[in-house]
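A.B. asks: Submitted below is the structure of interest, expressed as structure tokens.
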Amino acid sequence: MSEQIEEIIKKMTLEEKVGLCIGASFWNTTPIERLGVPAMTVSDGPNGLRHVPDMSDPDQRSLPATCFPTASCVSSTWNTELVQQMGEAIAEECIAQNVDVILGPGTNMKRSPLCGRNFEYFSEDPYLAGEMAAHYIEGVQKRGVGTSLKHFAGNNQEYQRFSISSEIDERTLHEIYLTAFEKAVKQAKPWTVMCSYNKLNGTYASENYFLLTQILKQDWGFEGLVVSDWGAVHDRVASFKGGLDLEMPGPQEARVKASVEAVRKGELDEAVVDESVRRILKIIFKAQQTPKGGEFDQEAHHQLAGKIASEGMVLLKNNGLLPLKGQRKIAVIGRGAKSPHFQGGGSSHVNPTKVSIPLEELKKTASDIEFSYSEGYPKGEDFRQDLIDAAVAEAVAADAAILFIALPTYIESEGYDRQNIDLTNQQVALIKAVAKAQPNSVVVLNNGAAVAMQDWVEGVAAVLEGWMMGQAGGTAVAEILFGKVNPSGKLSETFPIRLEDTPAYINWPGEVGKVYYGEGMFIGYRYYDEKQVPVQFPFGFGLSYTSFEYSNLKVSQQSFKDIDGVVVSVDVKNVGQVTGKEIVQVYVHDQKCSLRRPKKELKGFTKVELQPGETKTVTIPLDFRAFAFYHPGYHRWITESGEFEILVGASSADIRQKVNVNLESTLVLPSLLNKESTIAEWMQDPRGKEVIAPIIEQMISRGPQKDIKEIEDTEGGIEMGTLEFVKDMPLLSVLMFSQKDLPLPPEEIVQAMLDEVYEA
Ligand code: BGC
């Protein structure tokens with residue numbers, strides 16, 4: 001293939017080359033018939049196929065496809081196999097509809113619950129998000145269809161998404177905002193990666209050499225093509241130089257012309273264009289290998305969508321009312337029961353093949369029960385006391401009430417962010433009134449991201465987070481409420497108590513073209529842990545109709561080398577009455593580190609099914625990266641020898657077993673000392689410590705006091721000149737003060753010392 005591609009490149013004119021690198025239409029690349037290069041068709045994504053064959057149709061209606069649950073629900077399954085199956089099903093639909101590449105998955109971090117597109121993203125945790133993205137990609141690509149991992153990178157809000165600069169420091173960028181992409185790229189090799197609209201630290205992602213070329217292509221070895229988000233290119237020549245291979249959508253004749261001219265004038269190296277052409281041709285021909293057309297099994301995919309929904313829904317509260325049993329009459333309240341809210345707004349919007357209606361599914365699942373229905377709240381955000389009164393009357397006349405509370409559909413969408421994390425005033429008043437009148441009240445939520453619950457959660461018997469549950473979600477809800485399915489989802493994002501408690505609150509959504517990621521690495525549970533801020537429901541939390549006991553935590557070795565990693569095993573027992581699935585989470589805590597690290601970080605997980613009374617041993621491997629952190633001084637991931645705590649639990653706030661291990665770092669890192677290094681830094685550096693030792697001795701012998709603690713009680717304050725006083729000063733500055741006693745100028749002394757350090 002690569003020879004054939006090189007032959008084609010040789011025959012291409014410059015115009016053809018540049019033309020190939022800019023789309024021909026909204027969804028197609030530019031074909032070159034004379035050289036046998038066909039057009040490639042791409043389409044949205046990610047929670048199902050949105051293929052619009054005719055963009056001139058004013059409605060631009062996409063062909064019917066299965067609407068799977070959105071990413072928040074998918075990731076709450078923590079079931080990588082299921083995500084892979086979803087990917088395979090989506091690929092089958094792409095094949096049937098002649099689509100070569102699906103524009104998904106999206107794996108941006110949930111920095112704030114306000115991001116309008118959070119429903120399309122997996123998690124606040126990069127490890128979980130990366131695993132989900134990787135398995136989605138593996139599923140799709142296994143069937144010979146490509147994916148587009150998006151939106152790369154730092155696209156964590158919709159506000160000014162076309163222009164804002166996400167200002168992210170190097171360490172945070174690598175540890176939080178790039179990790180999920182890195183994992184997915186290295187593990188699953190997506191055919192394409194889509195760059196985001198925003199700027200990253202001042203440079204558009206579409207022109208960002210550091211991001212697209214250095215990190216993605218060089219460091220991570222990405223071999224596919226980089227496509228722009230739709231309309232993300234501002235300057236095609238700059239984007240070629242940055243590493244952007246394919247601009248979408250097209251046509252863009254003026255840009256083709258400008259790029260051709262730039263090559264002719266010597267401003268753009270033709271080799272750069274050739275490289276993009278090479279990458280694009282490779283993917284086009286790869287896509288060609290999968291014959292297109294045919295049908296897909298709509299019913300089987302609907303069932304799969306239901307299965308994913310039922311594993312992704314999270315039971316947040318249950319006083320024992322669920323699973324429902326023994327009721328004769330149940331009041332079903334809320335518009336969401338009849339017109340379900342099952343997907344988000346924007347480019348991910350799928351035209352479903354069919355939709356399960358929760359009310360009907362409840363009736364089918366429990367045919368012996370009498371169900372009443374009342375609307376509860378209007379479309380939109382008007383306040384209607386009459387609807388609340390009618391709902392209360394129905395609830396009182398029944399043995400239990402199920403409230404379907406769906407956020408108005410326009411609240412969560414691509415293109416803009418949420419203003420708050422609240423349900424509507426009407427919905428809150430409705431829940432409170434019904435729960436007061438009917439203690440057996442269950443709330444089923446439909447939303448794509450965390451909502452606040454503190455006003456009403458105490459009063460209700462149970463809460464099921466149903467997410468944007470996809471077209472078969474109605475069935476999933478009924479099955480969970482009546483115990484046909486034991487809920488097994490756990491939150492892939494923290495549910496805070498108040499918006500004001502959230503990590504990015506003060507730095508949201510940015511001003512004057514920039515948004516500072518001031519909370520750094522501390523997003524999601526990393527923040528709540530560190531600040532000890534109470535939350536409504538923690539990351540990783542979810543209830544089941546059974547319970548699980550953890551015991552016998554073991555590690556393959558107590559002491560190990562970073563490159564070898566370690567394997568963790570733990571016994572999990574189902575101690576309840578029904579079969580259930582438990583999500584076992586492994587977090588790592590570095591006991592001591594030269595840089596600040598979060599209290600714990602998710603580094604592994606597994607989902608295990610257990611019959612009542614059954615015990616299984618689960619094993620979870622932890623590799624180099626489970627212990628490493630990104631050091632901005634070395635510009636790389638490093639490990640430091642020392643003790644780590646391995647925490648195994650049922651959620652980030654429910655650690656059941658712990659064990660300490662010793663890691664030996666195999667890295668031999670260069671010194672970071674320089675002319676500005678402080679005395680403390682010299683003393684921390686293994687080689688620097690030896691070199692500076694004579695100077696320290698002299699200072700101690702000369703200084704007025706040896707140790708600040710000894711002089712704390714002296715009246716009249718502390719004199720200058722203690723070691724404590726100078727330790728955070730650069731050595732050079734300290735030497736400047738005693739220049740007259742020195743044999744050489746301070747600069748020369750420090751330089752000589754640095755030479756000694758670096759020679760070693
Ligand atoms: C969205 C992408 C989407 C593309 C094509 C953009 O506005 O950000 O996620 O794939 O449009 O519809």
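Chain lettering (A, B, ...) mirrors the order of the structure tokens, residue numbering begins at 1 for each chain separately, and ligand numbering begins at 1 in order of display.
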Which residues, written as a list in words, have at least one atom at most 9 Å from Asn47 in chain A, with only C-alpha atoms counted and residues fewer than 4 positions away on the same chain left out?
C.D. replies: Thr66, Cys67, Phe68, Pro69, Thr70, Ala71, Met86, Ile90, Gly104, Pro105, Glu120, Gln343, Ser348, His349, Val350 and Gly470 of chain A
A.B. asks: Store the residues of this selection in a file with all heavy atoms, as a short mmCIF file (atom, residue, chain, number, x, y, z; two decimals), in the first residue's frame.
C.D. replies:
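Output contents, as saved in result07.cif:
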data_model
loop_
_atom_site.label_atom_id
_atom_site.label_comp_id
_atom_site.auth_asym_id
_atom_site.auth_seq_id
_atom_site.Cartn_x
_atom_site.Cartn_y
_atom_site.Cartn_z
N THR A 66 -29.36 3.99 15.34
CA THR A 66 -29.60 3.73 16.75
C THR A 66 -29.02 4.85 17.60
O THR A 66 -27.84 5.16 17.48
CB THR A 66 -28.95 2.39 17.16
OG1 THR A 66 -29.34 1.41 16.21
CG2 THR A 66 -29.36 1.98 18.56
N CYS A 67 -29.87 5.42 18.45
CA CYS A 67 -29.35 6.43 19.37
C CYS A 67 -28.95 5.72 20.66
O CYS A 67 -29.80 5.31 21.45
CB CYS A 67 -30.42 7.49 19.63
SG CYS A 67 -29.83 8.74 20.77
N PHE A 68 -27.66 5.56 20.83
CA PHE A 68 -27.14 4.93 22.04
C PHE A 68 -27.11 5.96 23.16
O PHE A 68 -27.19 7.17 22.90
CB PHE A 68 -25.72 4.40 21.78
CG PHE A 68 -25.71 3.20 20.88
CD1 PHE A 68 -25.57 3.33 19.51
CD2 PHE A 68 -25.88 1.92 21.41
CE1 PHE A 68 -25.60 2.23 18.67
CE2 PHE A 68 -25.90 0.81 20.58
CZ PHE A 68 -25.76 0.96 19.21
N PRO A 69 -26.98 5.52 24.41
CA PRO A 69 -26.84 6.50 25.49
C PRO A 69 -25.63 7.39 25.24
O PRO A 69 -24.67 6.97 24.58
CB PRO A 69 -26.61 5.63 26.73
CG PRO A 69 -27.13 4.29 26.37
CD PRO A 69 -26.94 4.13 24.91
N THR A 70 -25.65 8.61 25.76
CA THR A 70 -24.50 9.48 25.53
C THR A 70 -23.37 9.11 26.49
O THR A 70 -23.55 8.30 27.40
CB THR A 70 -24.87 10.97 25.66
OG1 THR A 70 -25.02 11.30 27.03
CG2 THR A 70 -26.12 11.31 24.87
N ALA A 71 -22.22 9.73 26.25
CA ALA A 71 -20.98 9.29 26.91
C ALA A 71 -21.05 9.26 28.44
O ALA A 71 -20.44 8.40 29.07
CB ALA A 71 -19.82 10.16 26.46
N MET A 86 -20.67 -1.49 21.61
CA MET A 86 -21.37 -0.32 21.07
C MET A 86 -20.62 0.19 19.84
O MET A 86 -21.22 0.51 18.82
CB MET A 86 -21.45 0.75 22.16
CG MET A 86 -21.92 2.10 21.68
SD MET A 86 -22.19 3.20 23.10
CE MET A 86 -21.94 4.79 22.32
N ILE A 90 -22.07 0.56 16.05
CA ILE A 90 -22.03 1.83 15.31
C ILE A 90 -21.32 1.63 13.97
O ILE A 90 -21.75 2.15 12.94
CB ILE A 90 -21.36 2.94 16.17
CG1 ILE A 90 -22.28 3.32 17.33
CG2 ILE A 90 -21.02 4.16 15.32
CD1 ILE A 90 -21.69 4.30 18.33
N GLY A 104 -16.19 10.55 16.28
CA GLY A 104 -16.23 10.31 17.72
C GLY A 104 -15.22 9.25 18.03
O GLY A 104 -14.64 8.66 17.11
N PRO A 105 -14.94 8.97 19.29
CA PRO A 105 -15.58 9.53 20.47
C PRO A 105 -14.97 10.88 20.88
O PRO A 105 -13.90 11.24 20.43
CB PRO A 105 -15.24 8.48 21.53
CG PRO A 105 -13.89 7.97 21.11
CD PRO A 105 -13.92 7.96 19.61
N GLU A 120 -21.48 14.58 26.11
CA GLU A 120 -20.76 13.90 25.02
C GLU A 120 -19.40 13.39 25.48
O GLU A 120 -18.69 12.76 24.71
CB GLU A 120 -20.51 14.89 23.88
CG GLU A 120 -21.58 14.94 22.85
CD GLU A 120 -21.14 15.75 21.63
OE1 GLU A 120 -20.32 15.25 20.84
OE2 GLU A 120 -21.61 16.89 21.49
N GLN A 343 -31.19 12.23 24.61
CA GLN A 343 -29.93 12.61 23.97
C GLN A 343 -29.76 14.12 24.05
O GLN A 343 -30.69 14.84 24.43
CB GLN A 343 -29.87 12.13 22.53
CG GLN A 343 -30.93 12.73 21.62
CD GLN A 343 -30.73 12.31 20.17
OE1 GLN A 343 -29.60 12.16 19.71
NE2 GLN A 343 -31.82 12.11 19.45
N SER A 348 -24.27 15.88 17.67
CA SER A 348 -24.36 14.47 18.04
C SER A 348 -25.79 13.95 17.94
O SER A 348 -26.04 12.77 18.20
CB SER A 348 -23.85 14.26 19.46
OG SER A 348 -24.72 14.88 20.39
N HIS A 349 -26.72 14.83 17.60
CA HIS A 349 -28.14 14.47 17.64
C HIS A 349 -28.49 13.41 16.59
O HIS A 349 -28.35 13.62 15.40
CB HIS A 349 -28.98 15.73 17.42
CG HIS A 349 -30.39 15.55 17.85
ND1 HIS A 349 -30.82 15.86 19.13
CD2 HIS A 349 -31.46 15.07 17.20
CE1 HIS A 349 -32.11 15.59 19.23
NE2 HIS A 349 -32.52 15.10 18.08
N VAL A 350 -28.98 12.28 17.06
CA VAL A 350 -29.27 11.14 16.19
C VAL A 350 -30.78 11.06 15.92
O VAL A 350 -31.59 11.35 16.80
CB VAL A 350 -28.79 9.83 16.88
CG1 VAL A 350 -29.21 8.60 16.09
CG2 VAL A 350 -27.28 9.86 17.08
N GLY A 470 -30.38 7.30 25.77
CA GLY A 470 -30.48 6.66 24.46
C GLY A 470 -31.91 6.19 24.19
O GLY A 470 -32.78 6.24 25.05
#
A.B. asks: For ligand 1, list the contacting residues at 8 Å or closer, counting only C-alpha atoms and all ligand atoms, as a list in words.
C.D. replies: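 Residues satisfying the distance criterion: Ser43, Asp44, Gly45, Leu103, Gly104, Gly106, Lys150, His151, Ser196, Tyr197, Asp229, Trp230, Gly231, Gly346, Ser347, Ser348, Glu414 and Gly415 of chain A.
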A.B. asks: With only C-alpha atoms as the counted atoms, please give the residues lying no more than 9 Å from range 262-273 of chain A, apart from itself and same-chain residues fewer than 3 positions off, as a VMD selection string.
C.D. replies: chain A and resid 14 17 to 18 21 237 to 238 240 to 241 243 245 257 to 259 276 to 278
A.B. asks: Could you pull out all residues of range 530-665 of chain A with a DSSP call of alpha helix (DSSP H) and give them as a PyMOL selection string?
C.D. replies: chain A and resi 530-531+624-627
A.B. asks: So that I have them on file, write out the residues from the current selection with N, CA and C atoms, as an mmCIF file, in the first residue's frame.
C.D. replies:
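So the final result, stored in again07.cif, reads:
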data_model
loop_
_atom_site.group_PDB
_atom_site.id
_atom_site.type_symbol
_atom_site.label_atom_id
_atom_site.label_comp_id
_atom_site.auth_asym_id
_atom_site.auth_seq_id
_atom_site.Cartn_x
_atom_site.Cartn_y
_atom_site.Cartn_z
ATOM 1 N N GLU A 530 -8.746 17.047 47.926
ATOM 2 C CA GLU A 530 -7.678 17.928 48.410
ATOM 3 C C GLU A 530 -8.235 19.016 49.325
ATOM 4 N N LYS A 531 -9.350 19.588 48.924
ATOM 5 C CA LYS A 531 -9.916 20.696 49.688
ATOM 6 C C LYS A 531 -10.870 20.215 50.774
ATOM 7 N N PHE A 624 3.947 1.428 34.945
ATOM 8 C CA PHE A 624 4.793 2.604 35.203
ATOM 9 C C PHE A 624 3.948 3.858 35.398
ATOM 10 N N ARG A 625 3.017 4.064 34.468
ATOM 11 C CA ARG A 625 2.238 5.299 34.495
ATOM 12 C C ARG A 625 1.308 5.398 35.711
ATOM 13 N N ALA A 626 0.995 4.261 36.313
ATOM 14 C CA ALA A 626 0.133 4.306 37.505
ATOM 15 C C ALA A 626 0.837 5.015 38.652
ATOM 16 N N PHE A 627 2.155 5.078 38.589
ATOM 17 C CA PHE A 627 2.925 5.672 39.691
ATOM 18 C C PHE A 627 3.624 6.968 39.280
#
A.B. asks: Identify, on the basis of only C-alpha atoms, every residue whose closest approach to range 171-174 of chain A does not exceed 9 Å; exclude the query and any residue fewer than 2 positions from it along the same chain; express the result as a ChimeraX atom specification.
C.D. replies: /A:154,168-169,176-179,517,520-522,629-632,635-637
A.B. asks: Save the residues we just selected, C-alpha atoms, as a PDB file, in the first residue's frame?
C.D. replies:
ATOM      1  CA  GLY A 154      -8.329  21.848  25.905  1.00  0.00           C
ATOM      2  CA  ILE A 168      -3.167  25.340  30.831  1.00  0.00           C
ATOM      3  CA  ASP A 169       0.184  24.801  32.502  1.00  0.00           C
ATOM      4  CA  ILE A 176      -5.238  15.806  33.011  1.00  0.00           C
ATOM      5  CA  TYR A 177      -6.091  17.172  29.591  1.00  0.00           C
ATOM      6  CA  LEU A 178      -3.911  15.034  27.332  1.00  0.00           C
ATOM      7  CA  THR A 179      -3.849  11.720  29.159  1.00  0.00           C
ATOM      8  CA  TYR A 517      -7.233  26.619  34.270  1.00  0.00           C
ATOM      9  CA  GLY A 520      -4.553  22.981  37.755  1.00  0.00           C
ATOM     10  CA  MET A 521      -4.668  19.216  38.097  1.00  0.00           C
ATOM     11  CA  PHE A 522      -7.282  19.453  40.771  1.00  0.00           C
ATOM     12  CA  PHE A 629       3.756  12.034  37.340  1.00  0.00           C
ATOM     13  CA  TYR A 630       4.621  14.612  34.736  1.00  0.00           C
ATOM     14  CA  HIS A 631       7.575  16.743  35.763  1.00  0.00           C
ATOM     15  CA  PRO A 632       7.614  20.094  33.987  1.00  0.00           C
ATOM     16  CA  HIS A 635       9.322  17.785  30.444  1.00  0.00           C
ATOM     17  CA  ARG A 636       8.475  14.129  30.869  1.00  0.00           C
ATOM     18  CA  TRP A 637       6.725  11.551  33.017  1.00  0.00           C
TER      19      TRP A 637
END
A.B. asks: Running DSSP on the backbone, which parts of range 500-669 of chain A land in strand (DSSP E), as a VMD selection string?
C.D. replies: chain A and resid 514 to 516 535 to 537 548 to 555 559 to 561 566 to 574 580 to 590 601 to 610 615 to 622 629 to 631 636 to 638 642 to 651 654 to 664
A.B. asks: Please determine, counting only C-alpha atoms, which residue among A:Trp220, A:Phe383, A:Tyr505, A:Phe342 has the shortest atom-to-atom distance to Gln471 in chain A.
C.D. replies: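 Using only C-alpha atoms, the shortest distance to Gln471 in chain A belongs to A:Phe342.
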A.B. asks: For Ile523 in chain A, which residue among A:Met109, A:Leu481, A:Leu387, A:Val588 is the nearest when counting only C-alpha atoms?
C.D. replies: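 Distance minimum relative to Ile523 in chain A lands on A:Met109.
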A.B. asks: Under the rule that only C-alpha atoms are counted, which of A:Ala366, A:Leu622, A:Ile283, A:Ile431 is the nearest residue to Gln557 in chain A?
C.D. replies: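 The answer is A:Leu622, which sits nearest to Gln557 in chain A.
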A.B. asks: Can you list, as a ChimeraX atom specification, every protein, DNA or RNA residue that comes within 7 Å of range 253-256 of chain A when you count only C-alpha atoms, leaving out same-chain residues fewer than 4 positions away?
C.D. replies: /A:18-19,236,260
A.B. asks: Convert the current residue selection to file output with N, CA and C atoms, as a JSON list (two decimals), in the first residue's frame.
C.D. replies:
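Result file is part07.json:
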[["chain", "number", "residue", "atom", "x", "y", "z"],
["A", 18, "VAL", "N", -2.85, 19.81, -2.52],
["A", 18, "VAL", "CA", -3.48, 20.72, -1.57],
["A", 18, "VAL", "C", -5.00, 20.49, -1.55],
["A", 19, "GLY", "N", -5.54, 20.24, -2.74],
["A", 19, "GLY", "CA", -6.99, 20.00, -2.84],
["A", 19, "GLY", "C", -7.43, 18.82, -2.00],
["A", 236, "ARG", "N", -4.81, 28.31, 6.44],
["A", 236, "ARG", "CA", -4.48, 26.94, 6.01],
["A", 236, "ARG", "C", -2.98, 26.70, 5.98],
["A", 260, "VAL", "N", -1.24, 26.76, -2.37],
["A", 260, "VAL", "CA", -0.41, 26.46, -3.55],
["A", 260, "VAL", "C", 0.62, 27.59, -3.74]]
A.B. asks: Under the rule that only C-alpha atoms are counted, which of A:Ser441, A:Gly474, A:Ser310, A:Asp399 is the nearest residue to Glu360 in chain A?
C.D. replies: A:Gly474
